[in-house]
Structures are given as structure tokens and as C-alpha cells.
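Data block for entry18.txt (compact mmCIF, C-alpha atoms and all ligand atoms):
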# COMPACT_ATOMS: atom_id res chain seq x y z
CA MET A 1 -55.35 26.54 49.15
CA THR A 2 -54.73 29.83 51.02
CA LEU A 3 -57.53 32.08 52.27
CA ALA A 4 -56.78 34.49 49.46
CA HIS A 5 -57.52 31.70 47.01
CA ALA A 6 -60.69 30.56 48.70
CA ALA A 7 -63.01 33.40 47.61
CA ARG A 8 -64.64 31.20 44.97
CA PRO A 9 -65.08 27.47 45.49
CA GLU A 10 -62.94 25.56 43.00
CA VAL A 11 -64.24 22.74 40.87
CA ARG A 12 -61.98 19.88 39.78
CA PRO A 13 -62.01 17.94 36.53
CA SER A 14 -62.57 14.75 38.52
CA ASP A 15 -65.83 16.14 39.99
CA GLN A 16 -67.72 14.53 37.11
CA PRO A 17 -67.08 11.84 34.45
CA PRO A 18 -65.16 13.00 31.35
CA GLU A 19 -67.11 14.79 28.60
CA GLY A 20 -68.94 12.24 26.45
CA ALA A 21 -68.07 9.34 28.77
CA THR A 22 -70.41 6.36 28.54
CA SER A 23 -70.15 5.34 32.20
CA ALA A 24 -70.10 7.31 35.45
CA ASP A 25 -66.79 5.81 36.62
CA ALA A 26 -64.95 6.39 33.29
CA LYS A 27 -61.32 7.39 33.78
CA PRO A 28 -59.06 8.98 31.17
CA ILE A 29 -56.79 6.42 29.51
CA ILE A 30 -53.86 7.73 27.50
CA SER A 31 -53.01 5.71 24.42
CA PHE A 32 -50.36 5.97 21.71
CA ALA A 33 -51.44 2.69 20.10
CA PRO A 34 -54.09 3.04 17.37
CA LYS A 35 -57.05 0.65 17.47
CA ARG A 36 -56.81 0.22 13.68
CA ARG A 37 -53.74 -0.66 11.68
CA GLY A 38 -55.15 -0.15 8.16
CA LYS A 39 -53.19 2.12 5.85
CA ALA A 40 -54.81 4.66 3.55
CA PRO A 41 -54.20 4.10 -0.19
CA ALA A 42 -50.92 5.63 -1.35
CA HIS A 43 -51.35 9.12 -2.76
CA LEU A 44 -49.23 11.74 -4.45
CA ALA A 45 -49.27 13.95 -1.32
CA ASP A 46 -47.64 11.19 0.76
CA LEU A 47 -44.46 11.52 -1.29
CA ASP A 48 -42.00 14.17 -2.35
CA LEU A 49 -41.63 14.78 -6.08
CA ALA A 50 -38.80 12.26 -6.46
CA GLY A 51 -40.96 9.61 -4.76
CA ARG A 52 -43.89 10.37 -7.09
CA LYS A 53 -41.64 10.05 -10.15
CA LYS A 54 -40.33 6.74 -8.89
CA VAL A 55 -43.85 5.35 -8.47
CA LEU A 56 -44.69 6.22 -12.07
CA LYS A 57 -41.37 4.92 -13.40
CA ASP A 58 -41.80 1.60 -11.53
CA LEU A 59 -45.21 1.23 -13.20
CA GLY A 60 -43.72 1.89 -16.63
CA LEU A 61 -45.37 5.33 -16.84
CA PRO A 62 -43.48 8.49 -17.85
CA ALA A 63 -41.92 9.96 -14.70
CA PHE A 64 -42.26 13.58 -15.87
CA ARG A 65 -46.05 13.22 -15.66
CA ALA A 66 -45.64 13.35 -11.89
CA ASP A 67 -44.66 16.95 -12.26
CA GLN A 68 -47.80 17.81 -14.22
CA LEU A 69 -50.06 15.85 -11.90
CA SER A 70 -48.50 17.58 -8.88
CA ARG A 71 -49.17 21.00 -10.36
CA HIS A 72 -52.81 20.11 -10.95
CA TYR A 73 -53.08 19.08 -7.32
CA PHE A 74 -51.03 21.78 -5.57
CA ASP A 75 -51.56 24.75 -7.93
CA HIS A 76 -55.09 24.14 -9.18
CA PHE A 77 -56.36 21.93 -6.32
CA SER A 78 -57.76 19.60 -8.96
CA VAL A 79 -58.10 15.82 -8.93
CA ASP A 80 -60.45 15.78 -11.95
CA PRO A 81 -58.85 14.13 -15.01
CA ASN A 82 -61.06 16.25 -17.30
CA THR A 83 -59.19 19.40 -16.27
CA MET A 84 -55.75 17.90 -17.01
CA THR A 85 -55.60 18.89 -20.65
CA ASP A 86 -51.80 18.94 -20.77
CA ILE A 87 -51.81 15.14 -20.25
CA PRO A 88 -52.96 12.82 -23.08
CA ALA A 89 -56.58 11.82 -22.47
CA SER A 90 -55.69 8.13 -22.74
CA MET A 91 -53.30 8.43 -19.80
CA ARG A 92 -55.22 10.64 -17.38
CA GLU A 93 -57.55 8.08 -15.77
CA ASN A 94 -54.68 5.73 -15.05
CA LEU A 95 -52.45 8.44 -13.56
CA VAL A 96 -55.27 9.68 -11.33
CA LYS A 97 -56.00 6.12 -10.23
CA VAL A 98 -52.37 5.54 -9.28
CA LEU A 99 -51.51 8.86 -7.60
CA LEU A 100 -54.79 10.59 -6.74
CA PRO A 101 -57.16 8.07 -5.16
CA GLU A 102 -60.11 9.64 -3.32
CA LEU A 103 -59.19 9.74 0.38
CA VAL A 104 -61.42 12.28 2.08
CA THR A 105 -65.18 12.25 1.34
CA GLU A 106 -67.64 14.84 2.62
CA VAL A 107 -70.29 13.49 5.04
CA VAL A 108 -71.72 16.67 6.55
CA VAL A 109 -70.98 20.34 6.15
CA GLN A 110 -72.29 22.93 8.60
CA ARG A 111 -72.24 26.70 8.32
CA ALA A 112 -71.91 28.93 11.36
CA ASP A 113 -70.94 32.49 12.24
CA ARG A 114 -73.20 33.87 9.50
CA GLY A 115 -71.44 31.82 6.86
CA MET A 116 -67.91 32.78 7.93
CA THR A 117 -67.27 29.28 9.33
CA LEU A 118 -67.61 25.95 7.52
CA LYS A 119 -67.28 22.80 9.56
CA HIS A 120 -66.77 19.58 7.60
CA LEU A 121 -67.10 16.01 8.69
CA TRP A 122 -65.11 13.73 6.38
CA ARG A 123 -65.21 9.97 5.89
CA LEU A 124 -61.88 8.27 5.27
CA PHE A 125 -61.29 5.12 3.19
CA ASP A 126 -61.99 2.78 6.13
CA GLY A 127 -65.06 4.63 7.43
CA ALA A 128 -63.16 6.57 10.13
CA LYS A 129 -64.44 10.13 10.49
CA VAL A 130 -62.54 13.36 11.07
CA GLU A 131 -63.39 17.04 11.09
CA SER A 132 -61.92 20.20 9.67
CA VAL A 133 -63.08 23.77 10.23
CA LEU A 134 -62.59 26.66 7.80
CA MET A 135 -62.85 30.13 9.32
CA ARG A 136 -62.81 33.49 7.60
CA TYR A 137 -61.55 36.51 9.52
CA PRO A 138 -61.11 40.05 8.20
CA GLU A 139 -57.37 39.60 7.66
CA ARG A 140 -56.97 35.85 7.10
CA THR A 141 -58.71 32.58 6.32
CA THR A 142 -57.71 29.69 8.54
CA LEU A 143 -58.25 25.97 8.25
CA CYS A 144 -58.14 23.81 11.37
CA VAL A 145 -57.15 20.26 10.33
CA SER A 146 -57.29 16.88 12.02
CA SER A 147 -54.15 14.79 12.27
CA GLN A 148 -55.63 11.63 13.83
CA ALA A 149 -59.01 9.88 13.85
CA GLY A 150 -59.97 10.09 17.51
CA CYS A 151 -57.25 10.93 20.01
CA GLY A 152 -55.31 9.02 22.62
CA MET A 153 -54.64 11.92 24.97
CA ALA A 154 -57.91 11.48 26.91
CA CYS A 155 -58.40 15.12 27.99
CA PRO A 156 -61.56 14.90 30.11
CA PHE A 157 -63.13 18.10 28.71
CA CYS A 158 -62.91 16.88 25.11
CA ALA A 159 -65.35 14.56 23.35
CA THR A 160 -62.62 13.36 20.96
CA GLY A 161 -60.51 12.29 23.90
CA GLN A 162 -63.23 9.89 25.02
CA MET A 163 -63.30 8.16 21.64
CA GLY A 164 -59.74 6.97 22.06
CA LEU A 165 -57.29 6.81 19.18
CA THR A 166 -58.79 5.09 16.14
CA ARG A 167 -55.74 5.63 13.94
CA ASN A 168 -53.17 8.06 12.65
CA LEU A 169 -53.98 9.91 9.45
CA SER A 170 -51.66 9.53 6.50
CA THR A 171 -49.91 12.64 5.20
CA ALA A 172 -52.24 12.75 2.21
CA GLU A 173 -55.34 12.44 4.41
CA ILE A 174 -54.17 15.57 6.23
CA ILE A 175 -53.21 17.37 3.04
CA ASP A 176 -56.43 16.57 1.20
CA GLN A 177 -58.40 18.39 3.94
CA VAL A 178 -56.31 21.41 2.94
CA ARG A 179 -56.85 20.94 -0.80
CA GLN A 180 -60.60 20.76 -0.30
CA ALA A 181 -60.48 23.95 1.78
CA GLN A 182 -58.48 25.64 -0.98
CA VAL A 183 -61.32 24.75 -3.38
CA ALA A 184 -63.96 26.04 -0.94
CA CYS A 185 -62.07 29.34 -0.63
CA ARG A 186 -61.60 29.73 -4.36
CA GLU A 187 -65.24 28.94 -5.11
CA GLY A 188 -66.51 31.45 -2.55
CA LEU A 189 -68.26 28.96 -0.28
CA LEU A 190 -67.51 31.19 2.70
CA GLU A 191 -69.58 34.34 3.11
CA GLY A 192 -67.89 37.31 1.48
CA GLY A 193 -66.94 35.68 -1.83
CA PRO A 194 -63.78 33.98 -3.05
CA THR A 195 -60.75 34.22 -0.81
CA ARG A 196 -57.32 32.65 -0.36
CA LEU A 197 -56.54 30.09 2.32
CA SER A 198 -53.73 31.73 4.30
CA ASN A 199 -53.37 29.88 7.62
CA ILE A 200 -53.36 26.29 8.83
CA VAL A 201 -53.71 25.24 12.45
CA PHE A 202 -53.26 21.65 13.60
CA MET A 203 -55.93 21.91 16.29
CA GLY A 204 -58.58 19.52 15.00
CA MET A 205 -58.98 15.93 16.10
CA GLY A 206 -55.86 14.34 17.46
CA GLU A 207 -52.52 15.25 18.99
CA PRO A 208 -50.37 16.13 15.96
CA LEU A 209 -47.07 15.34 17.66
CA ALA A 210 -48.30 11.81 18.39
CA ASN A 211 -48.41 11.31 14.60
CA TYR A 212 -45.00 12.87 14.19
CA LYS A 213 -43.71 11.43 10.92
CA MET A 214 -46.91 12.16 9.00
CA LEU A 215 -47.10 15.62 10.55
CA VAL A 216 -43.60 16.58 9.42
CA SER A 217 -44.16 15.36 5.92
CA ALA A 218 -47.52 17.20 5.85
CA LEU A 219 -45.69 20.37 6.91
CA HIS A 220 -43.34 19.91 3.95
CA ARG A 221 -46.27 19.51 1.56
CA LEU A 222 -47.80 22.71 2.96
CA ILE A 223 -44.63 24.78 2.85
CA ASP A 224 -42.58 23.45 -0.07
CA PRO A 225 -43.21 25.34 -3.32
CA SER A 226 -45.09 23.76 -6.22
CA PRO A 227 -44.78 21.13 -7.62
CA GLU A 228 -43.55 19.71 -4.27
CA GLY A 229 -46.36 21.32 -2.26
CA PHE A 230 -48.71 24.27 -1.80
CA GLY A 231 -45.95 26.80 -1.07
CA MET A 232 -47.70 28.28 1.97
CA SER A 233 -45.84 30.48 4.44
CA ALA A 234 -44.44 28.50 7.41
CA ARG A 235 -45.18 31.55 9.55
CA ASN A 236 -48.89 31.00 8.98
CA ILE A 237 -48.85 27.39 10.15
CA THR A 238 -49.41 26.44 13.79
CA VAL A 239 -48.85 23.05 15.37
CA SER A 240 -50.65 22.58 18.64
CA THR A 241 -49.73 20.09 21.35
CA VAL A 242 -50.85 19.14 24.84
CA GLY A 243 -47.20 18.63 25.71
CA LEU A 244 -45.27 15.74 24.14
CA VAL A 245 -41.93 17.14 25.26
CA PRO A 246 -39.51 14.89 23.30
CA ALA A 247 -41.48 15.56 20.09
CA ILE A 248 -41.40 19.34 20.71
CA LYS A 249 -37.60 19.11 20.93
CA LYS A 250 -37.47 17.06 17.76
CA LEU A 251 -39.73 19.47 15.89
CA ALA A 252 -37.48 22.36 16.89
CA GLY A 253 -34.66 20.62 15.01
CA GLU A 254 -36.58 20.13 11.75
CA GLY A 255 -35.79 23.61 10.45
CA LEU A 256 -39.46 24.31 9.77
CA PRO A 257 -40.27 27.72 11.29
CA VAL A 258 -43.88 26.93 12.15
CA THR A 259 -45.53 28.32 15.27
CA LEU A 260 -45.82 26.03 18.26
CA ALA A 261 -49.02 26.29 20.32
CA VAL A 262 -48.99 24.68 23.74
CA SER A 263 -52.42 23.78 25.12
CA LEU A 264 -51.47 24.49 28.70
CA HIS A 265 -54.81 25.21 30.40
CA ALA A 266 -53.26 25.12 33.89
CA PRO A 267 -49.97 26.51 35.23
CA ASP A 268 -49.67 24.04 38.14
CA ASP A 269 -49.15 20.27 38.06
CA ASP A 270 -51.76 19.78 40.75
CA LEU A 271 -54.59 20.83 38.40
CA ARG A 272 -52.93 19.97 35.08
CA ASP A 273 -52.42 16.34 36.07
CA GLU A 274 -56.22 16.02 36.11
CA LEU A 275 -57.02 18.39 33.26
CA ILE A 276 -54.44 17.12 30.73
CA PRO A 277 -53.61 13.51 31.57
CA ILE A 278 -50.32 13.51 29.61
CA ASN A 279 -49.07 15.92 32.28
CA SER A 280 -48.50 12.85 34.43
CA ARG A 281 -45.63 12.08 32.04
CA TRP A 282 -44.25 15.53 31.25
CA LYS A 283 -44.80 18.22 33.88
CA VAL A 284 -45.55 21.91 33.37
CA GLY A 285 -41.93 22.91 34.06
CA GLU A 286 -40.49 20.50 31.48
CA LEU A 287 -43.12 21.53 28.96
CA LEU A 288 -42.44 25.24 29.31
CA ASP A 289 -38.68 24.61 29.18
CA ALA A 290 -39.15 22.74 25.88
CA ALA A 291 -41.44 25.49 24.55
CA ARG A 292 -38.83 28.12 25.41
CA GLU A 293 -36.16 26.04 23.66
CA TYR A 294 -38.42 25.89 20.62
CA PHE A 295 -38.57 29.69 20.60
CA LEU A 296 -34.79 29.98 20.92
CA THR A 297 -34.17 27.54 18.07
CA ASN A 298 -36.84 28.74 15.67
CA GLY A 299 -37.29 32.37 16.61
CA ARG A 300 -41.04 31.85 16.56
CA ARG A 301 -42.93 33.13 19.58
CA VAL A 302 -44.82 30.28 21.25
CA SER A 303 -48.59 30.50 21.74
CA ILE A 304 -49.87 29.38 25.12
CA GLU A 305 -53.48 28.24 24.78
CA TYR A 306 -55.52 28.51 27.95
CA ALA A 307 -59.21 27.52 27.91
CA LEU A 308 -60.84 29.53 30.70
CA ILE A 309 -63.10 27.14 32.62
CA LYS A 310 -65.37 28.60 35.26
CA ASP A 311 -64.05 28.17 38.81
CA MET A 312 -61.56 25.53 37.68
CA ASN A 313 -58.52 27.23 36.20
CA ASP A 314 -59.61 30.88 35.91
CA GLN A 315 -58.58 32.24 39.32
CA ARG A 316 -56.42 35.35 39.54
CA TYR A 317 -53.72 33.46 41.48
CA ARG A 318 -53.41 31.00 38.61
CA ALA A 319 -52.99 33.91 36.18
CA GLN A 320 -50.20 35.19 38.43
CA LEU A 321 -48.61 31.74 38.58
CA LEU A 322 -48.76 31.47 34.79
CA ALA A 323 -47.12 34.90 34.43
CA ASP A 324 -44.39 33.88 36.91
CA GLU A 325 -43.71 30.60 35.11
CA LEU A 326 -43.37 32.40 31.77
CA ASN A 327 -41.35 35.35 33.07
CA LYS A 328 -38.84 33.23 34.92
CA ARG A 329 -37.89 31.70 31.56
CA GLY A 330 -37.39 35.08 29.88
CA HIS A 331 -39.49 37.84 28.35
CA GLY A 332 -41.28 38.12 25.03
CA TRP A 333 -40.98 34.45 24.10
CA ALA A 334 -44.62 33.49 24.60
CA HIS A 335 -48.02 34.93 23.82
CA VAL A 336 -51.00 33.77 25.88
CA ASN A 337 -54.37 33.12 24.27
CA PRO A 338 -57.04 32.68 26.93
CA ILE A 339 -60.14 31.15 25.34
CA PRO A 340 -63.48 31.17 27.16
CA LEU A 341 -64.59 27.56 26.91
CA ASN A 342 -67.64 26.93 24.76
CA PRO A 343 -70.40 26.19 27.29
CA THR A 344 -71.88 22.71 27.37
CA PRO A 345 -75.13 22.82 29.34
CA GLY A 346 -75.24 20.82 32.56
CA THR A 347 -71.53 20.15 32.99
CA ILE A 348 -68.78 21.67 35.10
CA TRP A 349 -66.94 22.50 31.86
CA THR A 350 -68.32 25.92 31.20
CA ALA A 351 -67.00 29.34 30.27
CA SER A 352 -65.59 31.70 32.87
CA THR A 353 -67.63 34.79 33.65
CA ARG A 354 -66.71 37.95 31.81
CA ARG A 355 -65.39 39.39 35.06
CA ALA A 356 -63.10 36.39 35.64
CA GLN A 357 -61.87 36.56 32.04
CA ASP A 358 -61.05 40.25 32.38
CA ALA A 359 -59.25 39.76 35.71
CA PHE A 360 -57.22 36.86 34.27
CA VAL A 361 -56.14 38.88 31.24
CA LYS A 362 -55.36 41.96 33.33
CA THR A 363 -53.14 39.98 35.70
CA LEU A 364 -51.14 38.58 32.79
CA ARG A 365 -50.79 41.96 31.09
CA ASP A 366 -49.85 43.68 34.36
CA ASN A 367 -46.97 41.21 34.52
CA GLY A 368 -45.81 42.11 31.02
CA ILE A 369 -47.23 39.03 29.30
CA SER A 370 -48.56 39.61 25.80
CA THR A 371 -52.14 38.30 25.92
CA SER A 372 -55.19 38.29 23.70
CA ILE A 373 -58.55 36.61 24.26
CA ARG A 374 -59.11 34.31 21.30
CA ASP A 375 -62.15 34.28 19.07
CA THR A 376 -64.77 31.80 20.25
CA ARG A 377 -64.57 30.04 16.89
CA GLY A 378 -61.15 28.95 18.08
CA SER A 379 -62.64 27.69 21.32
CA ASP A 380 -65.18 25.60 19.40
CA ILE A 381 -62.27 23.77 17.93
CA ASP A 382 -59.90 23.56 20.82
CA GLY A 383 -62.40 22.53 23.44
CA ALA A 384 -64.95 20.60 21.43
CA CYS A 385 -63.12 19.20 18.45
CA GLY A 386 -64.86 15.82 18.56
CA GLN A 387 -68.41 16.98 19.10
CA LEU A 388 -69.53 16.86 15.49
CA ALA A 389 -68.08 13.40 14.87
CA THR A 390 -69.71 12.16 18.06
CA ALA A 391 -73.08 13.67 17.17
CA VAL A 392 -73.10 12.20 13.66
CA THR A 393 -71.97 8.80 14.92
CA GLN A 394 -74.87 8.92 17.35
CA GLY A 395 -77.29 9.85 14.58
CA GLY A 396 -77.94 13.56 15.00
CA ALA A 397 -75.57 16.32 13.99
CA THR A 398 -75.44 19.51 15.99
CA THR A 399 -76.84 22.45 14.09
CA ALA A 400 -75.29 25.68 12.99
CA ALA A 401 -78.02 27.46 14.95
CA ASN A 402 -76.82 25.75 18.12
CA GLU A 403 -73.28 26.84 17.42
CA GLU A 404 -74.39 30.39 16.80
CA ARG A 405 -76.36 30.37 20.04
CA SER A 406 -73.33 29.13 21.94
CA GLU A 407 -71.35 31.95 20.51
CA GLN A 408 -73.95 34.53 21.51
CA GLU A 409 -73.88 33.13 25.05
CA ASN A 410 -70.12 33.38 25.08
CA ARG A 411 -70.17 37.10 24.39
S1 LIG B 501 -58.14 18.25 23.59
FE1 LIG B 501 -56.85 17.69 21.83
S2 LIG B 501 -55.24 16.41 22.75
FE2 LIG B 501 -56.90 16.49 24.27
S3 LIG B 501 -58.15 14.69 23.83
FE3 LIG B 501 -59.03 16.40 22.66
S4 LIG B 501 -58.09 16.23 20.63
FE4 LIG B 501 -56.84 15.03 22.05
As C-alpha cells, the full file:
Amino acid sequence: MTLAHAARPEVRPSDQPPEGATSADAKPIISFAPKRRGKAPAHLADLDLAGRKKVLKDLGLPAFRADQLSRHYFDHFSVDPNTMTDIPASMRENLVKVLLPELVTEVVVQRADRGMTLKHLWRLFDGAKVESVLMRYPERTTLCVSSQAGCGMACPFCATGQMGLTRNLSTAEIIDQVRQAQVACREGLLEGGPTRLSNIVFMGMGEPLANYKMLVSALHRLIDPSPEGFGMSARNITVSTVGLVPAIKKLAGEGLPVTLAVSLHAPDDDLRDELIPINSRWKVGELLDAAREYFLTNGRRVSIEYALIKDMNDQRYRAQLLADELNKRGHGWAHVNPIPLNPTPGTIWTASTRRAQDAFVKTLRDNGISTSIRDTRGSDIDGACGQLATAVTQGGATTAANEERSEQENR
């Protein structure tokens, strides 16, 4: 560290045990191997339309009913046989049983941000729990979905990371979080009345690119028009990653113009090795090269997510280093979203001061980097995606009032 860097003492991720760790000497352990092998029941949303027709045909049921059932699911967000009046009553129960088993059951729902945010905890068929968060903004309504139960990436600031990877979600388990959000929007469960779900971000529990096959088929269900899928705009879908470089390259070749968000959080390997353990496998340089390639292939500007953590990664020299790393790979290909971390009392993982945030943003902008501080609702998700599941597992859910207080403190 040079003298210029020494004005504020730096804290390191290793200065305390990881968030939510059960022992003082806990160390992050990366894992790609799920603890559970169980497979969710097969569901219409796991398959494309041809696959759904084949299932019905193999069971001796009329294949064309797959089309009708798909429209009920993707157009009307319905799994209730009573609403399916275009299908003979005698057939409905059986079709629903075969192609629309219940996968995602509500355990807890919390409201925050004066009713503009709904946070759901869901129970899956085997008791595993995942979260999704629905957020209304003036110009869009966004759902943050989970792609895995738990997570194997072991980021020390994240409660989910300390749970380890329970298992990958099936495509339909991801998609049914979306269907339920579509219902919540339509029925006006968010403050402000009925609305339309416009955006999806894969920033809930899990590393989406570690569940690659299910992710890609979920993207198809989101983007493909009915009766294949919901027909959402690919431009409004964001896949976030901590940096699985080979999977980023593979995703670039899928021809799905979704936005890539890289959870960078540090521009130097020295800090990032501790902050994001997968950095020990793929370094900052390789990650940014892959992100730039993604931009060149897909034409979609990459989002660089950067949780501003007090005295850890929020120094002006790190902002300069980040700007240099981005600019040396070209201009206009990335947009930086610094996010003041949601404060957790008593830990070293706390939000940067307002002054540090402003200086960080100014340094990036002075270097021509497009930058916007992200809404703290986003930081709730990015930095604390496993907190609700942990709290409920331990017997006491966090309250909306607590969340609102955190947000006030963040301002
Ligand atoms: S921050 Fe994201 S990638 Fe890291 S452990 Fe948490 S859920 Fe996994």
C-alpha cells in the first residue's frame, strides 16, 4: 500500500469469520456439487412445446391439449383446473396432475419499502427453501429469482454462501417463481395497484451460471412467445455471475441477448481473492476479458456490480483501478452500479460513508465510465440474498420494519 492509499485503514474480508458462519475459524469452501440429488417433479415449464406434447402422447392423452395447458400457464398464469373451461372437465384434473404439479409453495411473504417490495420465501417439493423479491419502481416492476437452493460460491459477506449448495433448481422451479410474481402483479399485491412484470434479474439465491442448463432453458421459457413461454423481452432480463468465465463464454454463444451482470466488488486480485473466493480460479483480468467478449457478441452493455463496503473496497484508488481496467478494454461496453452494502450491525461488512460513495462515483465518471448508484432494494438482494431463508430456518423471520430501517440508514 502506498502512502497515498494509507489515509484510511483498510479492513480485509478475512478480519472476521464469514457472515452467518457457525464457527470462528470457518473458511469459505467453494462447491459445485449439490448436497442433494433429488429431482423436482417434471413440469410443463421444464419442456418446450414439443416435449410437452410428447409427454401427453406417451400417456395416451391428446397432444394438442399441451397447447391449451401452456396458454393457461404462460398467458393467464393459471394452474387452476377450474379456470380451464376450454378443456373437458373430465380431463382437466389429470392434465394438471401430469404437467402442472405444485412446485413452489409460499412459506412467508414480507412487505417492505411501503408496499413496493414483496419478499417471498418458498418451500420446494423436498423442503428446500428459496427466496424471490418483487420490486416496483416508477418505470418497471422487477422480480429477482433464485436459481439454486443455497449457493456453492462461499462469498464471505453473504449468508447464502455459508449455507453451501443444497441443490440446483429445475427450470420449472425457477419459472414458477416468475408465474407467481405475474399473478401478484396482476392482482395488485404491490402498492399502487395492478401492474405488469417487466424485468427479471437472476440475483437471488445461487450462482445462475453454476446451474447452466436449467438457466438457459429458463431463459427460453421467459423469452419465447406463448405457448412456448411468457414472451418477455430479452433486454429486460439480467443474468448475474460472480465470474464463471467458461460459462460466460458459453452464454455469449446462446444467441439470447440478455444482459450480463458481473458481481465484481473489487478490481484487484489481491482483495477479490478474499472477497469472492471463485476469483482464485478465474482472475479479474480473465473475467473482464470474458465480459467484454460478451458485449462484443451480444451487443448488450455489461453491468458491473460493485457493493461498496466501508474501508474495504471503497477507496478512491480502487475506483481509479476499476476505471483503468474497464477503459483499457474499450469504451462504452460496461456500466458500473456501485451499491452501498446493506449494513449488518456489528460486522465489518457495512455500507461506505456517503462521502466515500460520492468520491468513488466521481472518480469513475471523471474517467468516462457510465455509473449509477443502485437502489438499496437491489443491495438487499445482492448482498443479503440468504438472510430471510436463514432467519426462517432459525425460527424468526426478519421484519419488514427492520428492512425499512436499514434502508433509512442507508440514505
Ligand atoms: S453473493 Fe451470490 S454467488 Fe456469492 S455466495 Fe451469495 S448467492 Fe452465492
* To do: Set the cut-off to 8 Å, count all atoms listed in the file, and list whatever residues fall near ligand LIG 501 (chain B) as number ranges by chain.
  => A: 150-162, 203-207, 241-242, 276, 382-386
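Of the listed residues (A:Ala234, A:Leu244, A:Ile369, A:Ile339), A:Ile369 comes nearest to Asp324 (chain A); the distances count all atoms listed in the file.
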* Asked: Leaving out Gln177 (chain A) and any residue of its chain fewer than 3 positions from it, which residues lie within 8 Å of it when counting all atoms listed in the file, given as a PyMOL selection string?
  -> chain A and resi 104+132+145+173-174+180-181
* List the neighbours of Arg186 (chain A) out to 8 Å using only C-alpha atoms; skip same-chain residues closer than 6 positions along the sequence, and give me the result as a ChimeraX atom specification. => /A:194-196
* To one decimal place, how far is CA of Val239 (chain A) from CA of Thr259 (chain A) in Å? ->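 Distance between the two atoms: 6.2 Å.
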* Asked: Skipping near chain neighbours, those fewer than 6 positions away, what residues fall within 12 Å of Ala252 (chain A) using only C-alpha atoms, listed as a list in words?
  -> Leu209, Val216, Val239, Val245, Pro246, Val258, Thr259, Leu260, Ala290, Ala291, Arg292, Glu293, Tyr294, Phe295, Leu296, Thr297, Asn298, Gly299, Arg300 and Val302 of chain A
